[in-house]
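work.txt, holding compact mmCIF, C-alpha atoms:
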# COMPACT_ATOMS: atom_id res chain seq x y z
CA MET A 634 -1.42 -32.66 -17.04
CA SER A 635 -3.77 -29.67 -17.09
CA HIS A 636 -2.59 -26.10 -17.19
CA LYS A 637 -4.29 -23.73 -14.71
CA PRO A 638 -4.56 -20.07 -15.71
CA PRO A 639 -3.30 -17.56 -13.11
CA LYS A 640 -5.80 -16.44 -10.52
CA GLN A 641 -7.43 -13.30 -11.86
CA LEU A 642 -10.15 -11.11 -10.41
CA ASP A 643 -13.50 -11.28 -12.15
CA ALA A 644 -14.98 -8.09 -13.64
CA GLU A 645 -17.24 -7.20 -10.70
CA LYS A 646 -14.64 -7.76 -7.99
CA SER A 647 -11.89 -5.97 -9.90
CA LYS A 648 -13.82 -2.68 -9.86
CA ASN A 649 -13.51 -2.28 -6.08
CA ALA A 650 -11.06 -4.78 -4.61
CA ILE A 651 -8.04 -4.59 -2.33
CA ILE A 652 -5.18 -6.34 -4.08
CA CYS A 653 -2.32 -5.97 -1.61
CA ARG A 654 -2.14 -4.77 1.99
CA ASN A 655 0.89 -3.70 4.05
CA ARG A 656 0.02 -5.48 7.29
CA ARG A 657 3.31 -4.66 9.02
CA ALA A 658 2.63 -0.93 8.70
CA SER A 659 0.27 -0.71 11.67
CA HIS A 660 2.79 -2.55 13.86
CA GLU A 661 5.93 -0.72 12.71
CA TYR A 662 4.40 2.77 12.45
CA GLU A 663 1.91 5.05 14.12
CA ILE A 664 -0.46 6.10 11.31
CA LEU A 665 -1.21 9.84 11.51
CA ASP A 666 -3.10 10.56 8.27
CA ASP A 667 -3.85 8.86 4.96
CA ILE A 668 -4.84 9.75 1.41
CA GLU A 669 -5.80 7.87 -1.76
CA CYS A 670 -3.51 8.42 -4.77
CA GLY A 671 -3.64 7.33 -8.36
CA LEU A 672 -0.73 5.34 -9.76
CA MET A 673 0.90 5.87 -13.16
CA LEU A 674 1.47 2.40 -14.66
CA HIS A 675 2.29 0.56 -17.87
CA GLY A 676 -0.27 -1.87 -19.31
CA SER A 677 1.70 -4.94 -18.30
CA GLU A 678 1.85 -3.66 -14.71
CA VAL A 679 -1.95 -3.37 -14.53
CA LYS A 680 -2.33 -6.93 -15.83
CA SER A 681 0.15 -8.17 -13.24
CA ILE A 682 -1.66 -6.29 -10.45
CA ARG A 683 -4.98 -7.83 -11.55
CA ASN A 684 -3.30 -11.23 -11.04
CA GLY A 685 -2.27 -10.15 -7.52
CA LYS A 686 1.47 -10.11 -8.27
CA VAL A 687 2.36 -6.97 -6.30
CA THR A 688 4.08 -6.40 -2.92
CA ILE A 689 4.42 -3.15 -1.00
CA ASP A 690 6.07 -4.44 2.18
CA GLU A 691 9.36 -2.63 1.52
CA ALA A 692 7.85 0.35 -0.35
CA PHE A 693 7.80 4.02 0.64
CA ALA A 694 7.00 7.33 -1.04
CA ARG A 695 9.23 10.35 -1.68
CA ILE A 696 8.55 13.89 -2.84
CA ARG A 697 10.98 14.99 -5.59
CA ASN A 698 10.67 18.20 -7.60
CA GLY A 699 7.11 18.77 -6.45
CA GLU A 700 5.99 15.26 -7.50
CA LEU A 701 5.19 12.20 -5.41
CA TRP A 702 6.99 8.93 -6.25
CA LEU A 703 6.49 5.37 -5.01
CA VAL A 704 9.83 3.61 -4.42
CA GLY A 705 10.41 -0.08 -3.74
CA CYS A 706 7.03 -1.40 -4.87
CA HIS A 707 7.56 -4.75 -6.58
CA ILE A 708 5.21 -5.64 -9.44
CA ASN A 709 6.12 -8.95 -11.09
CA GLU A 710 6.63 -9.05 -14.83
CA TYR A 711 3.61 -10.13 -16.86
CA PRO A 712 4.65 -13.31 -18.73
CA GLN A 713 2.56 -12.61 -21.87
CA ALA A 714 3.95 -9.08 -22.34
CA ASN A 715 7.21 -10.29 -23.97
CA VAL A 716 9.23 -7.29 -25.19
CA GLN A 717 6.88 -4.63 -23.78
CA ASN A 718 7.32 -5.85 -20.21
CA HIS A 719 8.13 -3.49 -17.34
CA GLU A 720 10.95 -3.37 -14.81
CA PRO A 721 9.61 -4.94 -11.54
CA LEU A 722 11.17 -2.46 -9.08
CA ARG A 723 10.98 0.79 -11.05
CA THR A 724 10.00 4.04 -9.34
CA ARG A 725 6.36 4.89 -10.11
CA LYS A 726 4.69 8.29 -10.07
CA LEU A 727 1.75 8.83 -7.71
CA LEU A 728 -1.03 11.11 -8.89
CA LEU A 729 -2.56 13.79 -6.65
CA HIS A 730 -3.98 17.26 -7.12
CA LYS A 731 -1.39 19.97 -6.42
CA ARG A 732 -3.18 21.39 -3.37
CA GLU A 733 -3.61 17.89 -1.89
CA LEU A 734 0.09 17.23 -2.48
CA ALA A 735 1.08 20.57 -0.89
CA LYS A 736 -1.02 19.88 2.22
CA PHE A 737 0.21 16.30 2.48
CA ALA A 738 3.86 17.22 1.82
CA GLU A 739 3.80 19.83 4.57
CA LYS A 740 2.82 17.19 7.16
CA ALA A 741 5.28 14.63 5.78
CA ALA A 742 8.21 17.07 5.89
CA GLU A 743 8.21 17.11 9.70
CA ARG A 744 11.12 15.35 11.35
CA GLY A 745 10.51 11.65 12.01
CA HIS A 746 7.59 11.31 9.59
CA THR A 747 7.57 9.09 6.53
CA LEU A 748 5.19 8.21 3.71
CA ILE A 749 4.24 4.54 3.49
CA PRO A 750 1.68 2.72 1.32
CA LEU A 751 -1.03 0.91 3.28
CA ASP A 752 -2.69 -0.90 0.40
CA VAL A 753 -3.06 -1.19 -3.37
CA HIS A 754 -6.63 -1.46 -4.60
CA PHE A 755 -8.95 -0.94 -7.52
CA THR A 756 -11.53 1.86 -7.43
CA GLU A 757 -13.91 1.81 -10.38
CA GLY A 758 -11.36 -0.10 -12.44
CA LYS A 759 -8.41 2.23 -11.67
CA VAL A 760 -5.41 1.21 -9.57
CA LYS A 761 -5.11 3.33 -6.42
CA VAL A 762 -2.68 3.40 -3.51
CA LYS A 763 -3.66 4.36 0.02
CA LEU A 764 -0.70 6.36 1.28
CA ALA A 765 -0.16 7.26 4.95
CA ILE A 766 1.91 9.74 6.88
CA ALA A 767 3.43 7.73 9.69
CA ARG A 768 5.85 8.02 12.56
CA GLY A 769 8.09 5.03 13.30
CA ARG A 770 7.57 3.24 16.60
CA LYS A 771 10.38 2.40 18.95
CA VAL A 772 10.72 -1.17 20.25
CA HIS A 773 9.25 -0.27 23.64
CA ASP A 774 6.25 1.39 21.92
CA LYS A 775 5.61 -1.81 19.93
CA ARG A 776 5.75 -3.87 23.11
CA GLU A 777 3.39 -1.47 24.87
CA LYS A 778 0.92 -1.69 21.98
CA LEU A 779 0.99 -5.51 22.10
CA LYS A 780 0.46 -5.49 25.90
CA GLN A 781 -2.49 -3.11 25.49
CA ALA A 782 -4.03 -5.30 22.78
CA ASP A 783 -3.66 -8.40 25.00
CA ALA A 784 -5.28 -6.60 27.93
CA ASP A 785 -8.19 -5.43 25.74
CA ARG A 786 -8.69 -8.97 24.38
CA GLU A 787 -8.72 -10.45 27.91
CA MET A 788 -11.27 -7.85 29.05
CA ARG A 789 -13.56 -8.64 26.10
CA GLN A 790 -13.31 -12.38 26.83
CA ALA A 791 -14.06 -11.80 30.53
CA MET A 792 -17.13 -9.74 29.63
CA ARG A 793 -18.39 -12.51 27.32
CA ARG A 794 -18.02 -15.16 30.04
CA LYS A 795 -20.31 -13.29 32.46

Encoded form using structure tokens:
Amino acid sequence: MSHKPPKQLDAEKSKNAIICRNRRASHEYEILDDIECGLMLHGSEVKSIRNGKVTIDEAFARIRNGELWLVGCHINEYPQANVQNHEPLRTRKLLLHKRELAKFAEKAAERGHTLIPLDVHFTEGKVKVKLAIARGRKVHDKREKLKQADADREMRQAMRRK
């Protein structure tokens, strides 16, 4: 029986590759603005992210004491890290310049707005998170969006048939 190594990104792809995307975000929320943040990680977390073992479906960001934190992001433990492994659901610090954070925090502080991660990706070998200010959609808004998308799709198909 052969042993397959875990799927890992090759050197070229890992420089600029999207690792994980929050696909539910565009359905659940109305995206108002977004920004790219750095992510403070341990070495075993980076290795695990390179293997694609990260989920941000339940994650969100919070501002505490003038710092931005990512909460609920699950990064699996890296099996070869042994004792130096990380805690999978720990709160991780997001890195932004102070004036970017101040501008972003001002928008996010409005009632009904939240900070959600849209994707985790590599940019020039560094792990980045695309963070968005979003407003939650009500059920009827979600239905309306789906109806609009169906109508647009039908119009495009009708135009192609002509």

With a cut-off of 10 Å, could you pull out the residues of stretch 659-717 of chain A touching stretch 737-741 of chain A and give me the nearest pair of atoms for each, distance in Å to one decimal, using only C-alpha atoms, ordered by chain and ascending number, as a tab-separated table?
residue	atom	partner	partner_atom	distance
A:Leu665	CA	A:Lys740	CA	9.4
A:Asp666	CA	A:Phe737	CA	8.8
A:Asp667	CA	A:Phe737	CA	8.8
A:Ile668	CA	A:Phe737	CA	8.3
A:Arg695	CA	A:Ala738	CA	9.4
A:Ile696	CA	A:Ala738	CA	7.4
A:Gly699	CA	A:Ala738	CA	9.0
A:Glu700	CA	A:Ala738	CA	9.8
A:Leu701	CA	A:Ala738	CA	8.9

Restrict the selected residues to C-alpha atoms and save them as a PDB file, in the frame of the given file.
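See selection-v4.pdb below for the written result:
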ATOM      1  CA  LEU A 665      -1.210   9.840  11.510  1.00  0.00           C
ATOM      2  CA  ASP A 666      -3.100  10.560   8.270  1.00  0.00           C
ATOM      3  CA  ASP A 667      -3.850   8.860   4.960  1.00  0.00           C
ATOM      4  CA  ILE A 668      -4.840   9.750   1.410  1.00  0.00           C
ATOM      5  CA  ARG A 695       9.230  10.350  -1.680  1.00  0.00           C
ATOM      6  CA  ILE A 696       8.550  13.890  -2.840  1.00  0.00           C
ATOM      7  CA  GLY A 699       7.110  18.770  -6.450  1.00  0.00           C
ATOM      8  CA  GLU A 700       5.990  15.260  -7.500  1.00  0.00           C
ATOM      9  CA  LEU A 701       5.190  12.200  -5.410  1.00  0.00           C
TER      10      LEU A 701
END

Item to check | Atom pair atom CA of A:Glu663 / atom CA of A:Glu691: separation (Å) | outcome: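 Result for atom CA of A:Glu663 versus atom CA of A:Glu691: 16.5 Å, one decimal.
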
Next on the checklist: Under the rule that all atoms listed in the file are counted, which of A:Ala714, A:Ala694, A:Met788, A:Val679 is the nearest residue to A:Ile652?
Outcome noted: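 Ranking A:Ala714, A:Ala694, A:Met788, A:Val679 by distance to A:Ile652, first place goes to A:Val679.
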
Item to check | Spatial neighbours of A:Glu661, 12 Å, only C-alpha atoms, chain gap at least 3 places, as a list of chain:residue names | outcome: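 In the requested form, the answer reads A:Asn655, A:Arg656, A:Arg657, A:Ala658, A:Ile664, A:Asp690, A:Glu691, A:Thr747, A:Ile749, A:Leu751, A:Ala767, A:Arg768, A:Gly769, A:Arg770, A:Lys771, A:Val772, A:His773, A:Asp774, A:Lys775, A:Arg776, A:Lys778, A:Leu779.
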
Item to check | Residue with smallest distance to A:Gly705 - pool A:Pro750, A:Glu678, A:Lys731, A:Asp783, counting only C-alpha atoms | outcome: A:Pro750

Item to check | Nearest candidate to A:Cys670 (options A:Ile651, A:Val716, A:Val762, A:Leu703; using only C-alpha atoms) | outcome: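 Distance minimum relative to A:Cys670 lands on A:Val762.
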
Next on the checklist: Can you tell me which residues surround stretch 721-724 of chain A at a distance of at most 7 Å, considering all atoms listed in the file, apart from same-chain residues fewer than 5 positions away, and format the answer as a list in words?
Outcome noted: Trp702, Leu703, Val704, Gly705, Cys706, His707, Ile708, Asn709 and Glu710 of chain A

Item to check | Selection near A:Ala650, 8 Å with all atoms listed in the file, sequence-local residues under 5 positions removed, as a PyMOL selection string | outcome: chain A and resi 754-756

Next on the checklist: Under the rule that all atoms listed in the file are counted, which of A:Ala782, A:Leu748, A:Ala742, A:Val753 is the nearest residue to A:Ile689?
Outcome noted: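 Smallest distance to A:Ile689 is found for A:Val753.
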
Item to check | Pairwise distance for atom CA of A:Val687 and atom CA of A:Gly745, rounded to one decimal in Å | outcome: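 Taking atom CA of A:Val687 and atom CA of A:Gly745, their separation equals 27.4 Å.
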
Checklist entry - Between A:Ala692, A:Cys653, A:Leu764, A:Ala784, which is the closest to A:Gly671 once you count only C-alpha atoms? => result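 Of all the options, A:Leu764 lies closest to A:Gly671.
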
Checklist entry - When you draw a straight line from atom CA of A:Ser677 to atom CA of A:Gln713, how long is it in Å? => result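 These two atoms are separated by 8.5 Å.
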
Would you compute, for all listed atoms of stretch 737-749 of chain A, the axis-aligned bounding box grown by 5 Å on each side, and then report its centre and edge lengths in Å rounded to one decimal, as JSON?
{"center_x": 5.7, "center_y": 12.2, "center_z": 6.9, "size_x": 20.9, "size_y": 25.3, "size_z": 20.2}

Save stretch 693-774 of chain A from what I just supplied, as an mmCIF file, in the first residue's frame, atoms limited to C-alpha atoms.
data_model
loop_
_atom_site.group_PDB
_atom_site.id
_atom_site.type_symbol
_atom_site.label_atom_id
_atom_site.label_comp_id
_atom_site.auth_asym_id
_atom_site.auth_seq_id
_atom_site.Cartn_x
_atom_site.Cartn_y
_atom_site.Cartn_z
ATOM 1 C CA PHE A 693 -15.474 36.914 11.877
ATOM 2 C CA ALA A 694 -13.243 39.790 12.957
ATOM 3 C CA ARG A 695 -13.396 41.976 16.072
ATOM 4 C CA ILE A 696 -11.642 45.162 17.103
ATOM 5 C CA ARG A 697 -10.286 44.971 20.677
ATOM 6 C CA ASN A 698 -8.006 47.561 22.277
ATOM 7 C CA GLY A 699 -7.233 49.183 18.945
ATOM 8 C CA GLU A 700 -6.206 45.862 17.334
ATOM 9 C CA LEU A 701 -7.998 43.688 14.805
ATOM 10 C CA TRP A 702 -8.511 39.992 15.654
ATOM 11 C CA LEU A 703 -9.774 37.059 13.585
ATOM 12 C CA VAL A 704 -12.085 34.807 15.621
ATOM 13 C CA GLY A 705 -13.399 31.369 14.664
ATOM 14 C CA CYS A 706 -10.950 30.603 11.859
ATOM 15 C CA HIS A 707 -10.109 26.895 11.979
ATOM 16 C CA ILE A 708 -6.602 25.870 10.908
ATOM 17 C CA ASN A 709 -5.990 22.134 11.344
ATOM 18 C CA GLU A 710 -2.990 20.990 13.335
ATOM 19 C CA TYR A 711 0.087 20.141 11.288
ATOM 20 C CA PRO A 712 0.853 16.442 11.960
ATOM 21 C CA GLN A 713 4.658 16.780 11.739
ATOM 22 C CA ALA A 714 4.822 19.685 14.231
ATOM 23 C CA ASN A 715 4.542 17.402 17.309
ATOM 24 C CA VAL A 716 4.993 19.470 20.488
ATOM 25 C CA GLN A 717 5.204 22.849 18.729
ATOM 26 C CA ASN A 718 1.735 22.500 17.207
ATOM 27 C CA HIS A 719 -0.867 25.264 17.424
ATOM 28 C CA GLU A 720 -4.410 25.376 18.779
ATOM 29 C CA PRO A 721 -6.791 25.015 15.759
ATOM 30 C CA LEU A 722 -9.391 27.622 16.823
ATOM 31 C CA ARG A 723 -7.206 30.225 18.521
ATOM 32 C CA THR A 724 -7.837 33.935 17.980
ATOM 33 C CA ARG A 725 -5.330 35.363 15.486
ATOM 34 C CA LYS A 726 -4.165 38.944 15.125
ATOM 35 C CA LEU A 727 -4.753 40.710 11.800
ATOM 36 C CA LEU A 728 -2.124 43.185 10.649
ATOM 37 C CA LEU A 729 -3.032 46.613 9.252
ATOM 38 C CA HIS A 730 -1.529 50.078 9.330
ATOM 39 C CA LYS A 731 -3.058 52.230 12.089
ATOM 40 C CA ARG A 732 -4.691 54.731 9.729
ATOM 41 C CA GLU A 733 -6.185 51.902 7.629
ATOM 42 C CA LEU A 734 -7.519 50.307 10.811
ATOM 43 C CA ALA A 735 -8.986 53.620 12.033
ATOM 44 C CA LYS A 736 -10.763 54.221 8.712
ATOM 45 C CA PHE A 737 -12.004 50.640 8.519
ATOM 46 C CA ALA A 738 -13.060 50.525 12.192
ATOM 47 C CA GLU A 739 -15.126 53.684 11.795
ATOM 48 C CA LYS A 740 -17.214 52.071 9.033
ATOM 49 C CA ALA A 741 -17.491 48.761 10.907
ATOM 50 C CA ALA A 742 -18.704 50.433 14.109
ATOM 51 C CA GLU A 743 -22.014 51.424 12.509
ATOM 52 C CA ARG A 744 -25.045 49.519 13.726
ATOM 53 C CA GLY A 745 -25.764 46.340 11.763
ATOM 54 C CA HIS A 746 -22.306 46.064 10.203
ATOM 55 C CA THR A 747 -19.895 43.212 10.789
ATOM 56 C CA LEU A 748 -16.401 42.214 9.680
ATOM 57 C CA ILE A 749 -16.188 38.912 7.814
ATOM 58 C CA PRO A 750 -13.292 37.230 5.983
ATOM 59 C CA LEU A 751 -13.920 36.627 2.288
ATOM 60 C CA ASP A 752 -10.828 34.563 1.529
ATOM 61 C CA VAL A 753 -7.405 33.433 2.716
ATOM 62 C CA HIS A 754 -4.662 33.670 0.116
ATOM 63 C CA PHE A 755 -0.946 33.950 -0.450
ATOM 64 C CA THR A 756 0.532 37.187 -1.794
ATOM 65 C CA GLU A 757 4.234 36.939 -2.580
ATOM 66 C CA GLY A 758 4.588 34.050 -0.141
ATOM 67 C CA LYS A 759 2.781 35.776 2.767
ATOM 68 C CA VAL A 760 -0.602 34.669 4.111
ATOM 69 C CA LYS A 761 -3.238 37.388 3.691
ATOM 70 C CA VAL A 762 -6.924 37.638 4.547
ATOM 71 C CA LYS A 763 -9.417 39.645 2.516
ATOM 72 C CA LEU A 764 -11.694 41.180 5.130
ATOM 73 C CA ALA A 765 -15.037 42.831 4.313
ATOM 74 C CA ILE A 766 -17.419 45.185 6.036
ATOM 75 C CA ALA A 767 -20.828 43.650 5.496
ATOM 76 C CA ARG A 768 -24.450 44.099 6.432
ATOM 77 C CA GLY A 769 -26.518 40.973 7.080
ATOM 78 C CA ARG A 770 -29.342 40.227 4.672
ATOM 79 C CA LYS A 771 -32.833 39.392 5.801
ATOM 80 C CA VAL A 772 -34.554 36.283 4.415
ATOM 81 C CA HIS A 773 -36.690 38.307 2.007
ATOM 82 C CA ASP A 774 -33.566 40.114 0.720
#
